[in-house]
Structure formats: C-alpha cells, structure tokens
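Chemist: Handing you a structure now.
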Amino acid sequence: MGRVIVLTSGKGGVGKSTSTANLGTALAMIGKKVVVVDADVGLRNLDVIMGLEARVVYTSMDVIDGTCSIEKALVKDRRVKALNLLPASQKNNKMDILPEQMKKICKELKEDFDYVLIDSPAGIEQGFQNAAIGAEEALIITTPEISAVRDADRIIGLLQNMHIEEMNLVINRLSPQMVKAGNMMDPQDIIDILSIDLIGVIPEDPDVVVSTNHGLPLAYSHASYAGEAFNRIAQRLEGEDVPIPEFKSENWFGQLMSKLIGRN
Amino acid sequence: MKHTSRPIVELKGFRDGLHLFINPEARIEDIIPRIEKRMEKLGDSLAGTGVSINFGGGSLGTKELSRLEQLLQETYGLEIRRLIDKTDAEPWPQENSQIASAPAIHKVAPQNGEYISSAEEEKTLFIRQTVRSGQVERFLEGNIIVLGDVNPGAEVIAARDIIVLGTLRGIAHAGALGNISSLIIALSLVPTQLRIARYISRPPSNQRPQGNKVEFARIRDNGAVVVEEFVDFNRLAHVGQRSSAVLSDSDLE
C-alpha cells in the first residue's frame, strides 16, 4: 500500500508542478514505483514539464468515463523506470470531476504504487478539493514571499479541516544571497508562521526554467543545485536523515530586516 | 411605566449576548424600519449572535411577532434566544446597569474549540490550535483563549478579552459587543489590526518587533487603543474599569 501525497500551495506559480515532476523523478530514481497525477484539469502542464506531452493518449477523465482502465491511461516515462504519469484532460474543466471519483482513482493507484504524487491546481476551490480528497499527506509548497506564505497558511487550515494531519513544508526559490543580505524571509520566519515541519529548501536556480522547457526534470541529471535539493527531499520522504543546509542572514541588521519582512 | 422618551428600538450588548429593546408604545410599522436602519450599519457582523427581545410590556400580536423574528433570523442571521414581554420581568436598561442574564438557551457552536465556564456568566472559548489565514473564530458570549498563534489573515472576535498564548499576527477584536474595558493580551503582539469595542488601531508601519515581551492592548480614556508591556495581573486590574461596562447605543453611533 503506497503513500498518497498532494502537492499544493494555494497561490499559483510557486512551483507545484515543477516540484511534483522533480520529486516523482527523484523517488523513481531511488527505486520506488511512482505515479504523478495531474489534478489541474483544463490547465494541464505536468506532461509538458516531464516531456511526455506527445505520448498522452488517455486522461483521468477517460478513466472516470469508463473509456479505458487506469493502467491504460498511465504514460510510462522511458528515461526513468517506474515513473508514471496520469494526465489531466485539457478539454474538460475542474467541475467535471467529482471528489468521490478522484478518491476512487487514488485508492486504486495506491494499491500498485509506492508513491502517488498529486499535482494540485492553484486556488481553494473544487480543483484543490479534488486534488486533496484522496491524499493522506500533503507537501505544502511556498516561496519566501508574504503572499505565498499567507496562501499556504490558508491551505494548511483547509487541509486540517479535511483531516490531513501529516504535512511538510517545501520552500521553493529561496535565494541564499538575498537571505544573507536580509532582503528575503529566511526559512525560520516561514516556519514560525506556518508551524509545520520543513522537509526541504529549493534554491533559486535558472536551470529550472531551462529544464521545464526541455521537459527533463532537473533531479534526473544530478547536475544542479535545485535538482539535488529535490533528490534530498526524496531521501527524507524515505525516512533518511539528510540535513537541510542553513540559510540565515549574516548580520544583525539583516536579521532585523528579515524579521520586519516576515512580520506580516 | 412610561417610555415615551425612549427610542423606538435600542440594541445593546450584554454578557449574555445582545438585547433588543422595543418601545412598548411603538407600532410594528415603525419598529421594522428602525431595526433595518440600525442593522444596516452592522452588516452581517452579528450573524450567529444570540439576541433577546424585550418588549417592556408592549403588546405585539403573534403575527407581528413572527414578522419580527423572521426579519432578525432570516435577514440578519441572529439567533433569537428568548422573548421578554412582561414589564416586571426585566427593567428597562439604566446607564451602567446590567441585566441579570438568564441561562443561555443557544450556544454558538465553536469551529475549533470548546467551552469552559470558569465562573458563573463568564464563559471562555479555548482554541487549541493555530488560527490560520481565512479562519474566523467568533465567540460573543465571553472570552477567547488561543493556545497557538493567530496568523495574518485570521480573525478572532470575542465579547470580552482575547488572550493569545502565542503570536498574534492577524486581527483581534475584543469587546465586540461594545465592552470597552476588554483587553487583548499576547505573548508576542505583532497584529495586522487591533479592535476593541468600536475602536480600531493599526500598528505603526515602522514598529520594531518586540523581543520576548508579553504585551497587551486596551482602550485609554481618550479612545485610543494603546499597547503596553504586560507586567502582572494586579496592575491589569487597575487598568480601566474591569466591570462589564457597556457602551450605550448612542455611543456607538
């Protein structure tokens, strides 16, 4: 029986799909059977980020309609064995899938896979509800910005209401230089507000844009800062004790500034 | 008893919730528009609040009564607790007097907390988790204690005091029914906004975050919400009148 984890953030553009693709790749590379589920019906792009767009034939909508089986709808990654994608339908919208149907898909998938990673759409509406309904755990993705942290806080409250208690935090696009200069919230400020456990910090890395455009997740190549950060999160999910590098402002003024930025 | 000098409708906050006083000599045609006018300013801020209706011995028929109930319940979301229709049952409110509260029939169901009753009439809602963005905890029967933080975008609203055993970063509204002696206390007080009774304050934008000082907010005589370091409860007792002072309706307007 596998783990069903929803990756969500509330705010858009903080890196949910990128994180899902990279984490799925990283977990599959350490030998886990992984399926990533695109729950962003109508605005799908997980397939693009993973470079699998051209191979999508069926979607989760077809599974729900009974057009095909789940097994048939899965797109198998050729580079990383044991990595699979369940694509979202692009021509439907989020209201076309009912929470119960999504729950059923998750239940079936976790029979066969070690990890079911669900890429949630932005927002707190039905698309998000659908993405979270079948999950037992959540990874909250945020960036070191007040608006993203605020939305993450909202999402954590909603997930608690849905009785998802196991939640971990991923801070994406952290710029160590800006934190050092006191111009960006440091991870501790974010943890203070969100009060959930930190499982990883992904540094800002221009390679990410290149890799998403090429459809090759960074975690695959072991050649970038961001990719390695995702590989470490995969190890932590597996229960290994891998330390998280510290990012802190270096001087008194910087610490005060980051406090001020983080205050609201 | 003559009440000719009284307004047609008066709305007052007490420890057991709101009381709506209706001039016994008024007719329903006059009462309804006055309630509508009064509620207009309050918006839906009172939804879910318990209200007792005091007719002061007036004589409204069943049909008129149900019109009134329908207006209060369906339009404004108030919960009608009891109807007081005998003159001798409840006195018309005098300034600074307090109506003996009847056992509460209705309780506002808390979202994430539980009630305790520390003393008679003093009820406290315990919230044993962080109140997060988008969550509103409203308790109009007494105090709120949060065992956790109140995050930005969250609101905590109480009829009396609010105590946060954590960091208050969001909005707290103490004395929401008009009790101006209500306090807001937090282990770390860095709110978006503080409200006590009808007074609202915003922290200055250049405020330096306090270290490990426990702070509290209260209303000063001039109506300003001030934040001070919390020293001990004895000193707190001298701050303002810790009675259940209630702003009168005219103060609110």
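Scheme for the structure tokens: letters A, B, ... for chains in order shown; per-chain residue numbers from 1; ligand numbers from 1 in order shown.
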Show me which bits of chain A are within 7 Å of chain B, counting only C-alpha atoms, as a PyMOL selection string.
Modeler: chain A and resi 150+153-154+157+193+264
Chemist: Pull N, CA and C atoms from the residues just selected and write them as a PDB file, in the first residue's frame.
Modeler:
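Contents of result.pdb, freshly written:
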```
ATOM      1  N   ARG A 150       1.088  33.478   3.083  1.00  0.00           N
ATOM      2  CA  ARG A 150      -0.284  33.697   3.529  1.00  0.00           C
ATOM      3  C   ARG A 150      -1.220  32.637   2.939  1.00  0.00           C
ATOM      4  N   ASP A 153      -0.716  29.251   4.426  1.00  0.00           N
ATOM      5  CA  ASP A 153      -1.352  29.169   5.746  1.00  0.00           C
ATOM      6  C   ASP A 153      -2.836  28.826   5.615  1.00  0.00           C
ATOM      7  N   ARG A 154      -3.465  29.477   4.646  1.00  0.00           N
ATOM      8  CA  ARG A 154      -4.888  29.209   4.379  1.00  0.00           C
ATOM      9  C   ARG A 154      -5.096  27.744   3.987  1.00  0.00           C
ATOM     10  N   GLY A 157      -4.854  25.311   6.876  1.00  0.00           N
ATOM     11  CA  GLY A 157      -6.103  25.289   7.635  1.00  0.00           C
ATOM     12  C   GLY A 157      -7.165  24.438   6.948  1.00  0.00           C
ATOM     13  N   ILE A 193       5.595  31.067  11.162  1.00  0.00           N
ATOM     14  CA  ILE A 193       4.206  31.385  10.829  1.00  0.00           C
ATOM     15  C   ILE A 193       3.410  30.116  10.535  1.00  0.00           C
ATOM     16  N   ASN A 264       4.444  40.391   8.818  1.00  0.00           N
ATOM     17  CA  ASN A 264       3.047  40.232   8.415  1.00  0.00           C
ATOM     18  C   ASN A 264       2.872  39.065   7.469  1.00  0.00           C
TER      19      ASN A 264
END
```
Chemist: Could you pull out all residues of segment 61-237 of chain A with a DSSP call of strand (DSSP E or B) and give them as a ChimeraX atom specification?
Modeler: /A:75-76,83-86,115-119,137-142,166-174,197-203
Chemist: What separation in Å, quoted to one decimal, exists between atom CA of Leu72 of chain B and atom CA of Ile22 of chain B?
Modeler: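 For atom CA of Leu72 of chain B relative to atom CA of Ile22 of chain B, the distance reads 13.3 Å.
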Chemist: Would you mind listing what lies within 8 Å of segment 227-231 of chain B as a count of residues only, with only C-alpha atoms counted and same-chain residues fewer than 2 positions away left out?
Modeler: 10
Chemist: I want to know what sits within 6 Å of Ile196 of chain B, based on only C-alpha atoms, with residues of the same chain fewer than 4 positions away left out; could you give that as a list in words?
Modeler: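 Here the qualifying residues turn out to be His173, Ala174 and Gly175 of chain B.
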